[in-house]
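S.K.: File entry-v1.cif follows (mmCIF, C-alpha atoms and all ligand atoms; chains and numbers go by the auth columns):
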```cif
data_data
#
loop_
_atom_site.group_PDB
_atom_site.id
_atom_site.type_symbol
_atom_site.label_atom_id
_atom_site.label_comp_id
_atom_site.label_asym_id
_atom_site.label_seq_id
_atom_site.Cartn_x
_atom_site.Cartn_y
_atom_site.Cartn_z
_atom_site.B_iso_or_equiv
_atom_site.auth_seq_id
_atom_site.auth_asym_id
ATOM 1 C CA MET A 1 34.155 -110.127 68.640 0.00 167 A
ATOM 2 C CA THR A 2 35.918 -113.457 68.583 0.00 168 A
ATOM 3 C CA TYR A 3 38.115 -114.634 65.780 0.00 169 A
ATOM 4 C CA ARG A 4 40.006 -117.775 64.854 0.00 170 A
ATOM 5 C CA LEU A 5 43.464 -116.761 63.719 0.00 171 A
ATOM 6 C CA LEU A 6 44.608 -118.518 60.567 0.00 172 A
ATOM 7 C CA ASP A 7 48.042 -120.041 60.339 0.00 173 A
ATOM 8 C CA LEU A 8 49.157 -117.711 57.558 0.00 174 A
ATOM 9 C CA PRO A 9 51.996 -115.201 57.421 0.00 175 A
ATOM 10 C CA GLU A 10 51.274 -111.685 58.661 0.00 176 A
ATOM 11 C CA ARG A 11 50.928 -108.899 56.102 0.00 177 A
ATOM 12 C CA MET A 12 52.194 -105.446 57.073 0.00 178 A
ATOM 13 C CA GLY A 13 51.802 -106.493 60.709 0.00 179 A
ATOM 14 C CA TYR A 14 48.185 -107.634 60.293 0.00 180 A
ATOM 15 C CA ARG A 15 46.883 -111.166 60.849 0.00 181 A
ATOM 16 C CA LEU A 16 44.094 -112.913 59.030 0.00 182 A
ATOM 17 C CA ALA A 17 41.294 -114.562 60.984 0.00 183 A
ATOM 18 C CA GLU A 18 37.943 -116.227 60.434 0.00 184 A
ATOM 19 C CA VAL A 19 35.177 -114.475 62.285 0.00 185 A
ATOM 20 C CA GLU A 20 33.372 -116.870 64.618 0.00 186 A
ATOM 21 C CA PRO A 21 29.827 -117.538 63.356 0.00 187 A
ATOM 22 C CA ALA A 22 28.236 -116.074 66.482 0.00 188 A
ATOM 23 C CA HIS A 23 29.879 -112.704 65.746 0.00 189 A
ATOM 24 C CA GLN A 24 29.578 -112.524 61.986 0.00 190 A
ATOM 25 C CA GLU A 25 26.312 -110.626 61.981 0.00 191 A
ATOM 26 C CA ASP A 26 27.647 -108.008 64.429 0.00 192 A
ATOM 27 C CA LEU A 27 30.812 -107.466 62.415 0.00 193 A
ATOM 28 C CA LEU A 28 28.873 -107.101 59.178 0.00 194 A
ATOM 29 C CA LEU A 29 26.504 -104.560 60.699 0.00 195 A
ATOM 30 C CA GLU A 30 29.486 -102.657 62.086 0.00 196 A
ATOM 31 C CA ALA A 31 31.277 -102.751 58.726 0.00 197 A
ATOM 32 C CA TYR A 32 28.199 -101.486 56.851 0.00 198 A
ATOM 33 C CA ARG A 33 27.797 -98.687 59.407 0.00 199 A
ATOM 34 C CA HIS A 34 31.460 -97.801 58.970 0.00 200 A
ATOM 35 C CA ILE A 35 31.159 -97.475 55.200 0.00 201 A
ATOM 36 C CA GLU A 36 27.829 -95.632 55.584 0.00 202 A
ATOM 37 C CA ARG A 37 25.817 -98.153 53.623 0.00 203 A
ATOM 38 C CA LYS A 38 22.862 -100.271 54.531 0.00 204 A
ATOM 39 C CA LEU A 39 22.073 -103.908 54.029 0.00 205 A
ATOM 40 C CA GLY A 40 19.013 -105.313 55.784 0.00 206 A
ATOM 41 C CA LEU A 41 19.437 -108.027 58.392 0.00 207 A
ATOM 42 C CA GLU A 42 17.178 -110.325 56.398 0.00 208 A
ATOM 43 C CA ARG A 43 19.469 -110.099 53.361 0.00 209 A
ATOM 44 C CA ILE A 44 22.570 -110.517 55.541 0.00 210 A
ATOM 45 C CA ARG A 45 21.113 -113.690 57.029 0.00 211 A
ATOM 46 C CA GLU A 46 20.105 -115.020 53.634 0.00 212 A
ATOM 47 C CA ILE A 47 23.694 -114.627 52.376 0.00 213 A
ATOM 48 C CA MET A 48 25.052 -116.161 55.589 0.00 214 A
ATOM 49 C CA GLY A 49 23.016 -119.268 54.789 0.00 215 A
ATOM 50 C CA ARG A 50 24.626 -119.755 51.387 0.00 216 A
ATOM 51 C CA PRO A 51 27.128 -122.530 50.645 0.00 217 A
ATOM 52 C CA HIS A 52 30.737 -121.976 51.730 0.00 218 A
ATOM 53 C CA HIS A 53 29.842 -118.792 53.557 0.00 219 A
ATOM 54 C CA GLN A 54 32.902 -117.215 55.162 0.00 220 A
ATOM 55 C CA LEU A 55 33.873 -113.921 56.736 0.00 221 A
ATOM 56 C CA TYR A 56 37.570 -113.104 57.049 0.00 222 A
ATOM 57 C CA ALA A 57 38.953 -110.192 59.016 0.00 223 A
ATOM 58 C CA ALA A 58 42.379 -108.559 58.985 0.00 224 A
ATOM 59 C CA LEU A 59 43.306 -107.846 62.604 0.00 225 A
ATOM 60 C CA ASP A 60 45.781 -105.403 64.099 0.00 226 A
ATOM 61 C CA ALA A 61 48.132 -106.254 66.949 0.00 227 A
ATOM 62 C CA GLN A 62 45.370 -105.483 69.484 0.00 228 A
ATOM 63 C CA GLY A 63 43.024 -107.937 67.787 0.00 229 A
ATOM 64 C CA ASP A 64 40.721 -105.252 66.347 0.00 230 A
ATOM 65 C CA TRP A 65 39.502 -105.632 62.782 0.00 231 A
ATOM 66 C CA VAL A 66 40.896 -103.213 60.227 0.00 232 A
ATOM 67 C CA GLY A 67 39.432 -104.797 57.105 0.00 233 A
ATOM 68 C CA MET A 68 37.151 -107.634 56.105 0.00 234 A
ATOM 69 C CA VAL A 69 35.995 -109.666 53.153 0.00 235 A
ATOM 70 C CA TRP A 70 32.609 -111.392 53.024 0.00 236 A
ATOM 71 C CA LEU A 71 32.291 -114.445 50.790 0.00 237 A
ATOM 72 C CA ALA A 72 29.792 -117.124 49.834 0.00 238 A
ATOM 73 C CA GLU A 73 28.393 -118.808 46.773 0.00 239 A
ATOM 74 C CA GLY A 74 26.421 -116.605 44.407 0.00 240 A
ATOM 75 C CA GLU A 75 24.714 -116.778 41.047 0.00 241 A
ATOM 76 C CA GLY A 76 27.379 -116.636 38.377 0.00 242 A
ATOM 77 C CA SER A 77 26.791 -114.651 35.195 0.00 243 A
ATOM 78 C CA TYR A 78 26.813 -117.671 32.912 0.00 244 A
ATOM 79 C CA GLY A 79 24.492 -119.975 34.779 0.00 245 A
ATOM 80 C CA LEU A 80 27.147 -121.676 36.878 0.00 246 A
ATOM 81 C CA PRO A 81 27.534 -121.164 40.605 0.00 247 A
ATOM 82 C CA ALA A 82 30.395 -118.790 41.311 0.00 248 A
ATOM 83 C CA GLY A 83 32.257 -117.624 44.349 0.00 249 A
ATOM 84 C CA PHE A 84 30.874 -114.212 45.237 0.00 250 A
ATOM 85 C CA ILE A 85 32.432 -111.305 47.107 0.00 251 A
ATOM 86 C CA TYR A 86 29.566 -109.642 48.954 0.00 252 A
ATOM 87 C CA LEU A 87 31.701 -106.995 50.626 0.00 253 A
ATOM 88 C CA VAL A 88 35.303 -105.974 50.901 0.00 254 A
ATOM 89 C CA ALA A 89 35.892 -103.106 53.283 0.00 255 A
ATOM 90 C CA VAL A 90 38.849 -101.489 54.981 0.00 256 A
ATOM 91 C CA LYS A 91 38.413 -99.037 57.844 0.00 257 A
ATOM 92 C CA LYS A 92 38.943 -95.487 56.623 0.00 258 A
ATOM 93 C CA GLN A 93 42.085 -94.804 58.640 0.00 259 A
ATOM 94 C CA TYR A 94 43.757 -97.986 57.280 0.00 260 A
ATOM 95 C CA ARG A 95 43.082 -97.455 53.584 0.00 261 A
ATOM 96 C CA GLY A 96 45.720 -96.932 50.956 0.00 262 A
ATOM 97 C CA ARG A 97 48.304 -99.273 52.443 0.00 263 A
ATOM 98 C CA GLY A 98 47.570 -102.501 50.573 0.00 264 A
ATOM 99 C CA LEU A 99 44.925 -104.124 52.772 0.00 265 A
ATOM 100 C CA GLY A 100 42.372 -104.098 49.946 0.00 266 A
ATOM 101 C CA HIS A 101 44.831 -105.939 47.709 0.00 267 A
ATOM 102 C CA TRP A 102 45.456 -108.488 50.438 0.00 268 A
ATOM 103 C CA LEU A 103 41.727 -109.116 51.030 0.00 269 A
ATOM 104 C CA MET A 104 41.226 -109.684 47.290 0.00 270 A
ATOM 105 C CA GLU A 105 43.989 -112.297 47.397 0.00 271 A
ATOM 106 C CA VAL A 106 42.229 -113.893 50.351 0.00 272 A
ATOM 107 C CA ALA A 107 39.047 -114.083 48.255 0.00 273 A
ATOM 108 C CA ASP A 108 40.986 -115.852 45.464 0.00 274 A
ATOM 109 C CA TRP A 109 42.468 -118.276 47.970 0.00 275 A
ATOM 110 C CA TRP A 110 39.020 -119.036 49.450 0.00 276 A
ATOM 111 C CA ALA A 111 37.425 -119.506 45.996 0.00 277 A
ATOM 112 C CA ARG A 112 40.114 -121.929 44.844 0.00 278 A
ATOM 113 C CA GLN A 113 39.752 -123.917 48.058 0.00 279 A
ATOM 114 C CA GLN A 114 36.010 -124.258 47.396 0.00 280 A
ATOM 115 C CA GLY A 115 36.609 -125.301 43.789 0.00 281 A
ATOM 116 C CA TYR A 116 34.947 -122.306 42.099 0.00 282 A
ATOM 117 C CA ARG A 117 36.051 -121.510 38.570 0.00 283 A
ATOM 118 C CA SER A 118 35.219 -117.812 38.869 0.00 284 A
ATOM 119 C CA LEU A 119 34.628 -115.041 41.364 0.00 285 A
ATOM 120 C CA GLU A 120 32.044 -112.292 40.899 0.00 286 A
ATOM 121 C CA LEU A 121 30.909 -109.164 42.699 0.00 287 A
ATOM 122 C CA ASN A 122 28.687 -106.136 42.292 0.00 288 A
ATOM 123 C CA VAL A 123 30.029 -102.634 42.517 0.00 289 A
ATOM 124 C CA ASP A 124 28.517 -99.176 42.167 0.00 290 A
ATOM 125 C CA GLY A 125 29.652 -97.513 38.965 0.00 291 A
ATOM 126 C CA ALA A 126 30.727 -94.439 40.926 0.00 292 A
ATOM 127 C CA ASN A 127 32.921 -96.389 43.363 0.00 293 A
ATOM 128 C CA LEU A 128 36.207 -95.704 41.613 0.00 294 A
ATOM 129 C CA PRO A 129 38.581 -96.918 44.363 0.00 295 A
ATOM 130 C CA ALA A 130 36.810 -100.295 44.444 0.00 296 A
ATOM 131 C CA ARG A 131 36.567 -100.535 40.649 0.00 297 A
ATOM 132 C CA ARG A 132 40.268 -99.835 40.289 0.00 298 A
ATOM 133 C CA LEU A 133 41.064 -102.409 42.946 0.00 299 A
ATOM 134 C CA TYR A 134 38.952 -105.064 41.198 0.00 300 A
ATOM 135 C CA ALA A 135 40.321 -104.270 37.745 0.00 301 A
ATOM 136 C CA SER A 136 43.856 -104.634 39.061 0.00 302 A
ATOM 137 C CA HIS A 137 42.924 -108.139 40.242 0.00 303 A
ATOM 138 C CA GLY A 138 41.655 -109.170 36.819 0.00 304 A
ATOM 139 C CA TYR A 139 37.907 -108.466 37.156 0.00 305 A
ATOM 140 C CA THR A 140 36.132 -107.319 34.005 0.00 306 A
ATOM 141 C CA GLU A 141 32.635 -105.905 33.509 0.00 307 A
ATOM 142 C CA VAL A 142 29.895 -108.381 32.620 0.00 308 A
ATOM 143 C CA ARG A 143 26.872 -106.090 32.982 0.00 309 A
ATOM 144 C CA VAL A 144 26.469 -102.320 33.184 0.00 310 A
ATOM 145 C CA ARG A 145 23.298 -100.670 34.512 0.00 311 A
ATOM 146 C CA MET A 146 22.713 -97.013 33.677 0.00 312 A
ATOM 147 C CA ARG A 147 20.459 -94.396 35.194 0.00 313 A
ATOM 148 C CA LYS A 148 19.488 -90.803 34.625 0.00 314 A
ATOM 149 C CA VAL A 149 17.727 -88.419 36.951 0.00 315 A
ATOM 150 C CA LEU A 150 14.513 -86.972 35.468 0.00 316 A
ATOM 151 C CA THR A 151 14.238 -83.254 35.990 0.00 317 A
ATOM 152 C CA GLY A 152 11.505 -80.736 35.287 0.00 318 A
ATOM 153 C CA TRP A 153 8.761 -82.223 37.461 0.00 319 A
HETATM 154 C C1 LIG B . 37.816 -100.344 48.147 0.00 401 B
HETATM 155 C C2 LIG B . 38.641 -100.480 49.416 0.00 401 B
HETATM 156 C C3 LIG B . 38.342 -101.845 50.059 0.00 401 B
HETATM 157 C C4 LIG B . 40.133 -100.419 49.065 0.00 401 B
HETATM 158 O O1 LIG B . 40.881 -100.693 50.251 0.00 401 B
HETATM 159 P P1 LIG B . 42.376 -100.150 50.462 0.00 401 B
HETATM 160 O O2 LIG B . 42.959 -100.893 51.621 0.00 401 B
HETATM 161 O O3 LIG B . 42.404 -98.682 50.506 0.00 401 B
HETATM 162 O O4 LIG B . 43.062 -100.657 49.110 0.00 401 B
HETATM 163 P P2 LIG B . 44.623 -100.753 48.808 0.00 401 B
HETATM 164 O O5 LIG B . 45.415 -99.811 49.635 0.00 401 B
HETATM 165 O O6 LIG B . 45.003 -102.188 48.838 0.00 401 B
HETATM 166 O O7 LIG B . 44.633 -100.239 47.292 0.00 401 B
HETATM 167 C C5 LIG B . 44.154 -101.118 46.322 0.00 401 B
HETATM 168 C C6 LIG B . 43.851 -100.411 45.020 0.00 401 B
HETATM 169 O O8 LIG B . 42.594 -99.773 45.101 0.00 401 B
HETATM 170 C C7 LIG B . 42.615 -98.615 44.275 0.00 401 B
HETATM 171 N N1 LIG B . 42.402 -97.477 45.143 0.00 401 B
HETATM 172 C C8 LIG B . 42.455 -97.431 46.504 0.00 401 B
HETATM 173 N N2 LIG B . 42.121 -96.200 46.942 0.00 401 B
HETATM 174 C C9 LIG B . 41.850 -95.458 45.858 0.00 401 B
HETATM 175 C C10 LIG B . 41.427 -94.118 45.638 0.00 401 B
HETATM 176 N N3 LIG B . 41.210 -93.279 46.667 0.00 401 B
HETATM 177 N N4 LIG B . 41.211 -93.716 44.386 0.00 401 B
HETATM 178 C C11 LIG B . 41.396 -94.544 43.334 0.00 401 B
HETATM 179 N N5 LIG B . 41.803 -95.830 43.465 0.00 401 B
HETATM 180 C C12 LIG B . 42.034 -96.272 44.702 0.00 401 B
HETATM 181 C C13 LIG B . 43.969 -98.572 43.613 0.00 401 B
HETATM 182 O O9 LIG B . 43.877 -99.289 42.400 0.00 401 B
HETATM 183 C C14 LIG B . 44.812 -99.345 44.594 0.00 401 B
HETATM 184 O O10 LIG B . 45.909 -99.985 44.021 0.00 401 B
HETATM 185 P P3 LIG B . 47.356 -99.278 43.879 0.00 401 B
HETATM 186 O O11 LIG B . 47.605 -98.543 45.155 0.00 401 B
HETATM 187 O O12 LIG B . 48.252 -100.456 43.683 0.00 401 B
HETATM 188 O O13 LIG B . 47.194 -98.375 42.719 0.00 401 B
HETATM 189 C C15 LIG B . 38.339 -99.310 50.422 0.00 401 B
HETATM 190 O O14 LIG B . 38.430 -98.096 49.721 0.00 401 B
HETATM 191 C C16 LIG B . 36.990 -99.418 51.117 0.00 401 B
HETATM 192 O O15 LIG B . 36.858 -100.075 52.144 0.00 401 B
HETATM 193 N N6 LIG B . 35.981 -98.721 50.582 0.00 401 B
HETATM 194 C C17 LIG B . 34.650 -98.713 51.202 0.00 401 B
HETATM 195 C C18 LIG B . 33.937 -100.027 51.023 0.00 401 B
HETATM 196 C C19 LIG B . 33.656 -100.306 49.590 0.00 401 B
HETATM 197 O O16 LIG B . 33.267 -99.439 48.821 0.00 401 B
HETATM 198 N N7 LIG B . 33.859 -101.578 49.205 0.00 401 B
HETATM 199 C C20 LIG B . 33.638 -102.020 47.842 0.00 401 B
HETATM 200 C C21 LIG B . 32.216 -102.268 47.521 0.00 401 B
HETATM 201 S S1 LIG B . 31.717 -103.855 48.013 0.00 401 B
#
```
Could you render the structure from this file as structure tokens?
M.R.:
Amino acid sequence: MTYRLLDLPERMGYRLAEVEPAHQEDLLLEAYRHIERKLGLERIREIMGRPHHQLYAALDAQGDWVGMVWLAEGEGSYGLPAGFIYLVAVKKQYRGRGLGHWLMEVADWWARQQGYRSLELNVDGANLPARRLYASHGYTEVRVRMRKVLTGW
């Protein structure tokens, strides 16, 4: 992977970098594998083509990614374009030390730079660590989808 280090202060010994466009797809596929989720390449490419698309990575001293945040324009809830967080992920062994908080601040910083008035994201209802992280950064629910499993077939 190649990255362009940003001229920003380190956090907890980690540096922030933009992922070079040629390596964005690879990093995203790796990140989705790491969190054991799937997103098709077609959808990844569609998001990569959206306005203000950006992928930031937190790097350790060896230059390996430990966390990432994936951003681009998305459809806002109230008809206006919004900044959208498509994925925030921290490698398992680096969780619980504030990297998630930092990446959420990076998303705010990116969104303000692009002139968005709001940031949105989707999250699974059962993903409590992520929901707590988002709530602590001021995100509130705008839509709730519910499901039940039908038994007795
Ligand atoms: C969500 C995620 C990014 C958090 O990263 P992290 O580096 O561990 O987060 P931090 O250490 O900065 O903690 C941030 C907050 O998240 C919440 N949190 C983190 N781990 C948690 C856990 N195991 N249980 C409950 N809340 C948790 C807390 O509110 C915490 O804040 P606090 O420590 O000040 O109370 C990480 O768990 C992850 O990568 N998960 C898999 C990918 C994913 O589900 N992404 C979100 C969907 S797009």
S.K.: Here is a test: counting all atoms listed in the file, which residue of A:Arg209, A:Arg181, A:Trp231, A:Leu221 is nearest to Lys258 (chain A)?
M.R.: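 Looking at the shortest contact to Lys258 (chain A), the residue is A:Trp231.
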S.K.: Run through the PyMOL selection byres (((not hetatm)) within 12 of (chain B and resi 401)) on the given coordinates and return the selected residues as an mmCIF file with C-alpha atoms, keeping the file's coordinate frame.
M.R.:
```cif
data_model
loop_
_atom_site.group_PDB
_atom_site.id
_atom_site.type_symbol
_atom_site.label_atom_id
_atom_site.label_comp_id
_atom_site.auth_asym_id
_atom_site.auth_seq_id
_atom_site.Cartn_x
_atom_site.Cartn_y
_atom_site.Cartn_z
ATOM 1 C CA ARG A 177 50.928 -108.899 56.102
ATOM 2 C CA MET A 178 52.194 -105.446 57.073
ATOM 3 C CA LEU A 194 28.873 -107.101 59.178
ATOM 4 C CA ALA A 197 31.277 -102.751 58.726
ATOM 5 C CA TYR A 198 28.199 -101.486 56.851
ATOM 6 C CA ARG A 199 27.797 -98.687 59.407
ATOM 7 C CA HIS A 200 31.460 -97.801 58.970
ATOM 8 C CA ILE A 201 31.159 -97.475 55.200
ATOM 9 C CA GLU A 202 27.829 -95.632 55.584
ATOM 10 C CA ARG A 203 25.817 -98.153 53.623
ATOM 11 C CA LYS A 204 22.862 -100.271 54.531
ATOM 12 C CA LEU A 205 22.073 -103.908 54.029
ATOM 13 C CA ALA A 224 42.379 -108.559 58.985
ATOM 14 C CA VAL A 232 40.896 -103.213 60.227
ATOM 15 C CA GLY A 233 39.432 -104.797 57.105
ATOM 16 C CA MET A 234 37.151 -107.634 56.105
ATOM 17 C CA VAL A 235 35.995 -109.666 53.153
ATOM 18 C CA TRP A 236 32.609 -111.392 53.024
ATOM 19 C CA LEU A 237 32.291 -114.445 50.790
ATOM 20 C CA PHE A 250 30.874 -114.212 45.237
ATOM 21 C CA ILE A 251 32.432 -111.305 47.107
ATOM 22 C CA TYR A 252 29.566 -109.642 48.954
ATOM 23 C CA LEU A 253 31.701 -106.995 50.626
ATOM 24 C CA VAL A 254 35.303 -105.974 50.901
ATOM 25 C CA ALA A 255 35.892 -103.106 53.283
ATOM 26 C CA VAL A 256 38.849 -101.489 54.981
ATOM 27 C CA LYS A 257 38.413 -99.037 57.844
ATOM 28 C CA LYS A 258 38.943 -95.487 56.623
ATOM 29 C CA GLN A 259 42.085 -94.804 58.640
ATOM 30 C CA TYR A 260 43.757 -97.986 57.280
ATOM 31 C CA ARG A 261 43.082 -97.455 53.584
ATOM 32 C CA GLY A 262 45.720 -96.932 50.956
ATOM 33 C CA ARG A 263 48.304 -99.273 52.443
ATOM 34 C CA GLY A 264 47.570 -102.501 50.573
ATOM 35 C CA LEU A 265 44.925 -104.124 52.772
ATOM 36 C CA GLY A 266 42.372 -104.098 49.946
ATOM 37 C CA HIS A 267 44.831 -105.939 47.709
ATOM 38 C CA TRP A 268 45.456 -108.488 50.438
ATOM 39 C CA LEU A 269 41.727 -109.116 51.030
ATOM 40 C CA MET A 270 41.226 -109.684 47.290
ATOM 41 C CA GLU A 271 43.989 -112.297 47.397
ATOM 42 C CA GLU A 286 32.044 -112.292 40.899
ATOM 43 C CA LEU A 287 30.909 -109.164 42.699
ATOM 44 C CA ASN A 288 28.687 -106.136 42.292
ATOM 45 C CA VAL A 289 30.029 -102.634 42.517
ATOM 46 C CA ASP A 290 28.517 -99.176 42.167
ATOM 47 C CA GLY A 291 29.652 -97.513 38.965
ATOM 48 C CA ALA A 292 30.727 -94.439 40.926
ATOM 49 C CA ASN A 293 32.921 -96.389 43.363
ATOM 50 C CA LEU A 294 36.207 -95.704 41.613
ATOM 51 C CA PRO A 295 38.581 -96.918 44.363
ATOM 52 C CA ALA A 296 36.810 -100.295 44.444
ATOM 53 C CA ARG A 297 36.567 -100.535 40.649
ATOM 54 C CA ARG A 298 40.268 -99.835 40.289
ATOM 55 C CA LEU A 299 41.064 -102.409 42.946
ATOM 56 C CA TYR A 300 38.952 -105.064 41.198
ATOM 57 C CA ALA A 301 40.321 -104.270 37.745
ATOM 58 C CA SER A 302 43.856 -104.634 39.061
ATOM 59 C CA HIS A 303 42.924 -108.139 40.242
ATOM 60 C CA GLY A 304 41.655 -109.170 36.819
#
```
S.K.: Please enumerate the residues selected by the PyMOL selection byres (((chain A and resi 280) around 12) and not hetatm) when evaluated against the supplied file, formatted as a ChimeraX atom specification.
M.R.: /A:217-220,237-239,247-250,273-279,281-285
S.K.: I'd like the interatomic distance between CA of Arg216 (chain A) and CA of Asp230 (chain A), to a tenth of an Å.
M.R.: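 Separation between CA of Arg216 (chain A) and CA of Asp230 (chain A): 26.3 Å.
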S.K.: For region 295-306 of chain A, I'd like the enclosing box, axis-aligned and padded by 3 Å on every side, reported as lines of an AutoDock Vina configuration file with centre and edge lengths in Å to one decimal.
M.R.:
```
center_x = 40.0
center_y = -103.0
center_z = 39.2
size_x = 13.7
size_y = 18.3
size_z = 16.4
```
S.K.: For Leu207 (chain A), list every protein, DNA or RNA residue within 10 Å, evaluated using only C-alpha atoms, and leave out those in the same chain fewer than 4 positions away; present the list as an MDAnalysis selection string.
M.R.: chainID A and resid 191 194:195 211:213
S.K.: Suppose we keep C-alpha atoms; can you now write the selection as a short mmCIF file (atom, residue, chain, number, x, y, z; two decimals), keeping the file's coordinate frame?
M.R.:
```cif
data_model
loop_
_atom_site.label_atom_id
_atom_site.label_comp_id
_atom_site.auth_asym_id
_atom_site.auth_seq_id
_atom_site.Cartn_x
_atom_site.Cartn_y
_atom_site.Cartn_z
CA GLU A 191 26.31 -110.63 61.98
CA LEU A 194 28.87 -107.10 59.18
CA LEU A 195 26.50 -104.56 60.70
CA ARG A 211 21.11 -113.69 57.03
CA GLU A 212 20.10 -115.02 53.63
CA ILE A 213 23.69 -114.63 52.38
#
```
S.K.: Apply the PyMOL selection byres (((chain A and resi 171) around 8) and not hetatm) to the file shown and report the selected residues as a PyMOL selection string.
M.R.: chain A and resi 169-170+172-173+181-184
S.K.: Give me, please, the distance in Å between CA of Arg311 (chain A) and CA of Glu196 (chain A), quoted to one decimal.
M.R.: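 About the pair CA of Arg311 (chain A) and CA of Glu196 (chain A): they are 28.3 Å apart.
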S.K.: I'd like to know which of A:Gly215, A:Ala188, A:Leu193, A:Ser243 is closest to Arg309 (chain A), using only C-alpha atoms.
M.R.: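 Among A:Gly215, A:Ala188, A:Leu193, A:Ser243, it is A:Ser243 that comes nearest to Arg309 (chain A).
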S.K.: Identify which of the residues A:Leu225, A:Leu174, A:Leu316, A:Met167 lies closest to His189 (chain A), counting all atoms listed in the file when measuring atom-to-atom distances.
M.R.: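 Comparing A:Leu225, A:Leu174, A:Leu316, A:Met167 against His189 (chain A), the winner is A:Met167.
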S.K.: May I ask for the distance between CA of Gln190 (chain A) and CA of Thr168 (chain A), given in Å to one decimal place?
M.R.: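 Those two atoms sit 9.2 Å apart.
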S.K.: I'd like to know which of A:Gly229, A:Gly318, A:Gly245, A:Gly240 is closest to Val185 (chain A), using all atoms listed in the file.
M.R.: A:Gly229
S.K.: When you count all atoms listed in the file, which of these residues is closest to Asp226 (chain A): A:Gly179, A:Val310, A:Leu246, A:Trp319?
M.R.: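 For Asp226 (chain A), the nearest of the given residues is A:Gly179.
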